[in-house]
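Structure first, then comments.
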Amino acid sequence: MAKMNGAQMVIRALEDEGTTTVFGLPGGTVLHLYDALYDSTKLDHILMRHEQAASHAADGYARASGKVGVCIATSGPGATNLVTGIATANLDSSPIVAITGQVATSVIGTDAFQEADIMGGSIPFVKHSYQVRRVSDIQPTIHKAFHIARTGRPGPVLVDVPADIQKAVGNYTFSDELNLPGYDPETFFDMSALEEVAEVVKKAERPVIYCGGGVICSSAAGALTEFALKYKIPVTTTLLGKGGFPESHTSGLSLGMAGMHGHPAANRALINADVIIAIGTRFSSRTTGKLSAFGIKAKIVHIDIDAAEIDKCIKSDYWLIGDAKRVLAELRLAIGDKTANHDEWLKKLGDVRESEPMPREDLGDKIAPWRVLSTLHELTGGEFVATTEVGQNQMWAAQHLNIETPRRFISSGGLGTMGFGFPAAIGAAYGCKGLTTLAIAGDGSFMMNIQELDTCARYNIPVKVILMNNGCLGNVRQWQELFYNKRFSNTIYSRNPDYVKVAESMGVAGFRAQSANELRSVLEQTIAHNGPAVADIHIPMEAQVMPMVFPGDALENMVMK
C-alpha cells in the first residue's frame, strides 16, 4: 500500500497492467497526470501532434501487437478529438483504453471551460465507459477497462478522470479482482449446433472458409490454417481477415480477399460454394455485395463470438457462438478425419485463377499502382507490417500485398477512416519493433494527419510512407467517373504540396518517383533509409481499382476493367 495522488495512481495502474507505450497530448485537465508521467520509468509516452492521431496510433499499436493500446487527451476538444479514433476501433474490434481528463466534479454540468460530456458523446462508439468519482476507484477502474477492452469481442473503453480526482490523495493497492455483473466472456460459447455443423462440413463438396477479422482478434490464424489444410478447404478473407491464412501458401488454398474489389477466384468461390464457413465476420455489404444474392447456393455456417452478429445481415443456416480458436478446435474434433473429396472443386477454382487473373495493366512510362505494391513486396521479402489509409490506395494494397501472418495488415475497415493509416503506422512501429513499417497512403488521406511527420522525426520512428499520389480524391473520383457522368465535383485538387519538401521541412527524408524507371530506385532508398521517410510516387489520376462489383450488385457481376 502506497500513498499517492490520483494522477500517480493512474500511471501506476497502467504500469501494473503491463503498459509500456502511451500516445497522447497534454492539456489543462491532465496536467496532474502528465506531471505524474514525468516520474515514470516504465511508460514510453509518444507526444503526438493531434489527439485523433493519438487514438489511431493506440489502435495501430493494439492491432500490431495484440495488446491493449492506450491514448490520453485533455477534456473538451482534446477528448472529442479522440472520438473518430474510438469509433474506428469500435467497428474493427480493436482493444484500446482512452483516458481523458475532465473538469472538476464540482463544476461538471455548468459548461465550465473545456467541459464536454465525453461519456455521453462517445456512448455509441465504446464497448464501455467509466467516469471516476473517487480516488479509491482509480486502480479497479483501470483494471476493469483493460479486461473489458481485450476480452470477448475486443473494443475501446473510455476512462474519464476529473481534475480534482487526479489531485486527491489516497492509498494505492493493486487488486486483480473484477466485479462486473453481467459481463462474463467465458459464457460467450454456444456449441449446440456442433454435430449438425460437423455433418454439413463433412458432406460439403464445394466448401469455402470465409475468414474475417475475428480470426485475427482471437489469435486463431494458426488453428484456421490447420483446419483448412486438414480438410482441403479453400479460404477467402475480408479486408480485416487478411493474414488469417497465408496468402502465398503452397497448398493453393488461398483465394485472397473477396468482395467489391476482391479477387475473382474468391468471389467465384462464394458464388458457387455449397457450404460457406464464415468465421469472425460481420458480413459487410462491401464484401457480400447484394445481400439477397449472397451465398444462395450454399448452407451458411456462421461462427462468431458476438451473438448479436448472427442473422444481422445474412441469415445463417447454422451458427456457433464463441472464440474462433476454441470453436475451430471443437469443430475439428467433431468432424474427425474424413470429409468429401474436394479435388474437383479446387481444380475449378484454380482454373478461375488462370482465366480471370487480377488485372495488371502495363502503363508504359507511367507508374501502375499494382507495380508499386509488387515492388515493395519484392524488396522487403514480405517481411513488413503494412498500414493503409482509406480509398484506392487501401484496395490496391489489399489486392497486391500478400500477407502471410496475422497482425501484419492494418486498415480501417468498418468506419473507413481517412487519416487512419499514417498514425496507425506509428503505433504499429512500436507494436512490432524491428519490422519494416509501411504506411500505404493516398495524398487525400495523408494530408489529414500529415503533421505526424514531425512526431516521426522527433522520435526517429522508422515509418516508410508510400504515398500513391494522383492529385485527387481517387476513390470518390472513380465513383464519379463510373456513376456520375464524369462530373468531378470537388475531387481534383487545383494544386498539391511538394511532399518531398514538406517531409524534409519536418525532418523526414523525402524521395520522389515520377516515371516507371524511377520507381524501384526510389523504393529501395526509402526502405533502406535509417529513419522515417516519404516516397512520393506519382500515379495516373485515371487509374482505377479493378475488378469492381458495383454498389448493390451481386458478386457474380464483377467488372474486370
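Identifiers for the C-alpha cells are assigned positionally: chains receive A, B, ... in sequence, residues are indexed from 1 per chain, and ligands are indexed from 1 in the order shown.
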
Legend entry - DSSP strand (DSSP E) residues within range 218-301 of chain A, listed as a list in words: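 The strand (DSSP E) subset of range 218-301 of chain A is Val235, Thr236, Thr237, Ser254, Leu255, Gly256, Met257, Val275, Ile276, Ile277, Ala278, Ile279, Lys299, Ile300 and Val301 of chain A.
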
Selected residues, N, CA, C and O atoms, written as a PDB file, in the first residue's frame, please.
ATOM      1  N   VAL A 235      -9.787 -20.838 -48.802  1.00  0.00           N
ATOM      2  CA  VAL A 235     -10.034 -19.742 -47.858  1.00  0.00           C
ATOM      3  C   VAL A 235     -10.119 -18.407 -48.591  1.00  0.00           C
ATOM      4  O   VAL A 235      -9.217 -18.046 -49.353  1.00  0.00           O
ATOM      5  N   THR A 236     -11.198 -17.687 -48.371  1.00  0.00           N
ATOM      6  CA  THR A 236     -11.307 -16.287 -48.782  1.00  0.00           C
ATOM      7  C   THR A 236     -11.246 -15.444 -47.515  1.00  0.00           C
ATOM      8  O   THR A 236     -11.552 -15.923 -46.424  1.00  0.00           O
ATOM      9  N   THR A 237     -10.884 -14.186 -47.664  1.00  0.00           N
ATOM     10  CA  THR A 237     -10.847 -13.308 -46.485  1.00  0.00           C
ATOM     11  C   THR A 237     -11.608 -12.016 -46.755  1.00  0.00           C
ATOM     12  O   THR A 237     -11.831 -11.620 -47.901  1.00  0.00           O
ATOM     13  N   SER A 254      -5.366 -20.543 -50.696  1.00  0.00           N
ATOM     14  CA  SER A 254      -5.678 -19.132 -50.505  1.00  0.00           C
ATOM     15  C   SER A 254      -6.266 -18.532 -51.779  1.00  0.00           C
ATOM     16  O   SER A 254      -5.657 -18.581 -52.846  1.00  0.00           O
ATOM     17  N   LEU A 255      -7.460 -17.945 -51.633  1.00  0.00           N
ATOM     18  CA  LEU A 255      -8.133 -17.315 -52.775  1.00  0.00           C
ATOM     19  C   LEU A 255      -8.043 -15.796 -52.718  1.00  0.00           C
ATOM     20  O   LEU A 255      -8.468 -15.115 -53.647  1.00  0.00           O
ATOM     21  N   GLY A 256      -7.503 -15.265 -51.615  1.00  0.00           N
ATOM     22  CA  GLY A 256      -7.376 -13.821 -51.488  1.00  0.00           C
ATOM     23  C   GLY A 256      -8.638 -13.180 -50.940  1.00  0.00           C
ATOM     24  O   GLY A 256      -9.590 -13.844 -50.534  1.00  0.00           O
ATOM     25  N   MET A 257      -8.639 -11.858 -50.962  1.00  0.00           N
ATOM     26  CA  MET A 257      -9.757 -11.078 -50.434  1.00  0.00           C
ATOM     27  C   MET A 257     -10.959 -11.165 -51.360  1.00  0.00           C
ATOM     28  O   MET A 257     -10.823 -11.109 -52.581  1.00  0.00           O
ATOM     29  N   VAL A 275     -21.227 -24.906 -49.188  1.00  0.00           N
ATOM     30  CA  VAL A 275     -21.163 -24.578 -47.763  1.00  0.00           C
ATOM     31  C   VAL A 275     -20.185 -23.420 -47.572  1.00  0.00           C
ATOM     32  O   VAL A 275     -19.044 -23.495 -48.048  1.00  0.00           O
ATOM     33  N   ILE A 276     -20.629 -22.364 -46.911  1.00  0.00           N
ATOM     34  CA  ILE A 276     -19.756 -21.234 -46.557  1.00  0.00           C
ATOM     35  C   ILE A 276     -19.579 -21.248 -45.042  1.00  0.00           C
ATOM     36  O   ILE A 276     -20.553 -21.132 -44.296  1.00  0.00           O
ATOM     37  N   ILE A 277     -18.316 -21.418 -44.622  1.00  0.00           N
ATOM     38  CA  ILE A 277     -18.000 -21.407 -43.187  1.00  0.00           C
ATOM     39  C   ILE A 277     -17.453 -20.015 -42.868  1.00  0.00           C
ATOM     40  O   ILE A 277     -16.281 -19.715 -43.128  1.00  0.00           O
ATOM     41  N   ALA A 278     -18.315 -19.159 -42.352  1.00  0.00           N
ATOM     42  CA  ALA A 278     -17.951 -17.767 -42.077  1.00  0.00           C
ATOM     43  C   ALA A 278     -17.468 -17.646 -40.643  1.00  0.00           C
ATOM     44  O   ALA A 278     -18.198 -17.975 -39.712  1.00  0.00           O
ATOM     45  N   ILE A 279     -16.229 -17.173 -40.476  1.00  0.00           N
ATOM     46  CA  ILE A 279     -15.618 -17.138 -39.147  1.00  0.00           C
ATOM     47  C   ILE A 279     -15.194 -15.712 -38.795  1.00  0.00           C
ATOM     48  O   ILE A 279     -14.361 -15.118 -39.481  1.00  0.00           O
ATOM     49  N   LYS A 299     -25.220 -23.623 -47.901  1.00  0.00           N
ATOM     50  CA  LYS A 299     -25.572 -23.623 -46.493  1.00  0.00           C
ATOM     51  C   LYS A 299     -24.561 -22.707 -45.809  1.00  0.00           C
ATOM     52  O   LYS A 299     -23.348 -22.846 -46.028  1.00  0.00           O
ATOM     53  N   ILE A 300     -25.048 -21.786 -44.999  1.00  0.00           N
ATOM     54  CA  ILE A 300     -24.146 -20.823 -44.362  1.00  0.00           C
ATOM     55  C   ILE A 300     -24.000 -21.146 -42.882  1.00  0.00           C
ATOM     56  O   ILE A 300     -24.979 -21.206 -42.138  1.00  0.00           O
ATOM     57  N   VAL A 301     -22.748 -21.383 -42.497  1.00  0.00           N
ATOM     58  CA  VAL A 301     -22.397 -21.620 -41.097  1.00  0.00           C
ATOM     59  C   VAL A 301     -21.702 -20.367 -40.580  1.00  0.00           C
ATOM     60  O   VAL A 301     -20.671 -19.957 -41.123  1.00  0.00           O
TER      61      VAL A 301
END

At a cut-off of 9 Å, can you tabulate as JSON lines every residue of range 260-319 of chain A near range 397-414 of chain A together with its closest atom pair and the distance in Å to one decimal, using only C-alpha atoms and ordering rows by chain then number?
{"residue": "A:His261", "atom": "CA", "partner": "A:Gln399", "partner_atom": "CA", "distance": 7.7}
{"residue": "A:Gly262", "atom": "CA", "partner": "A:Gln399", "partner_atom": "CA", "distance": 7.0}
{"residue": "A:His263", "atom": "CA", "partner": "A:Gln399", "partner_atom": "CA", "distance": 7.2}
{"residue": "A:Ser284", "atom": "CA", "partner": "A:Gly414", "partner_atom": "CA", "distance": 8.0}

Inset, instruction - Using only C-alpha atoms, determine which residues lie at most 10 Å from Ile99 in chain A, disregarding the query and same-chain residues fewer than 6 positions distant; provide the list as a list in words. - result: Val10, Gly24, Val30, Val70, Cys71, Ile72, Ala73, Thr74, Ser75, Ala79, Leu82, Tyr130, Gln131, Ile142, Val157, Leu158, Val159, Asp160 and Val161 of chain A

Inset, instruction - Would you please extract all alpha helix (DSSP H) residues from range 44-134 of chain A, as assigned by DSSP on the backbone, and give them as a PyMOL selection string? - result: chain A and resi 51-65+77-80+83-91+118-121

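Here CA of Leu14 in chain A is placed at a distance of 10.1 Å from CA of Val97 in chain A.
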
Inset, instruction - Find the spatial neighbours of range 324-340 of chain A, counting only C-alpha atoms, within a cut-off of 10 Å - ignore same-chain residues fewer than 4 positions away - and output them as a PyMOL selection string. - result: chain A and resi 189-191+194-207+214-224+226-227+230-232+279-280+303-305+320

Inset, instruction - Rank A:Asn5, A:Gln52, A:Gln394, A:Thr105 by their smallest atom-to-atom distance to Ala439 in chain A, using only C-alpha atoms, and report the top residue only. - result: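 Nearest candidate to Ala439 in chain A out of A:Asn5, A:Gln52, A:Gln394, A:Thr105: A:Gln394.
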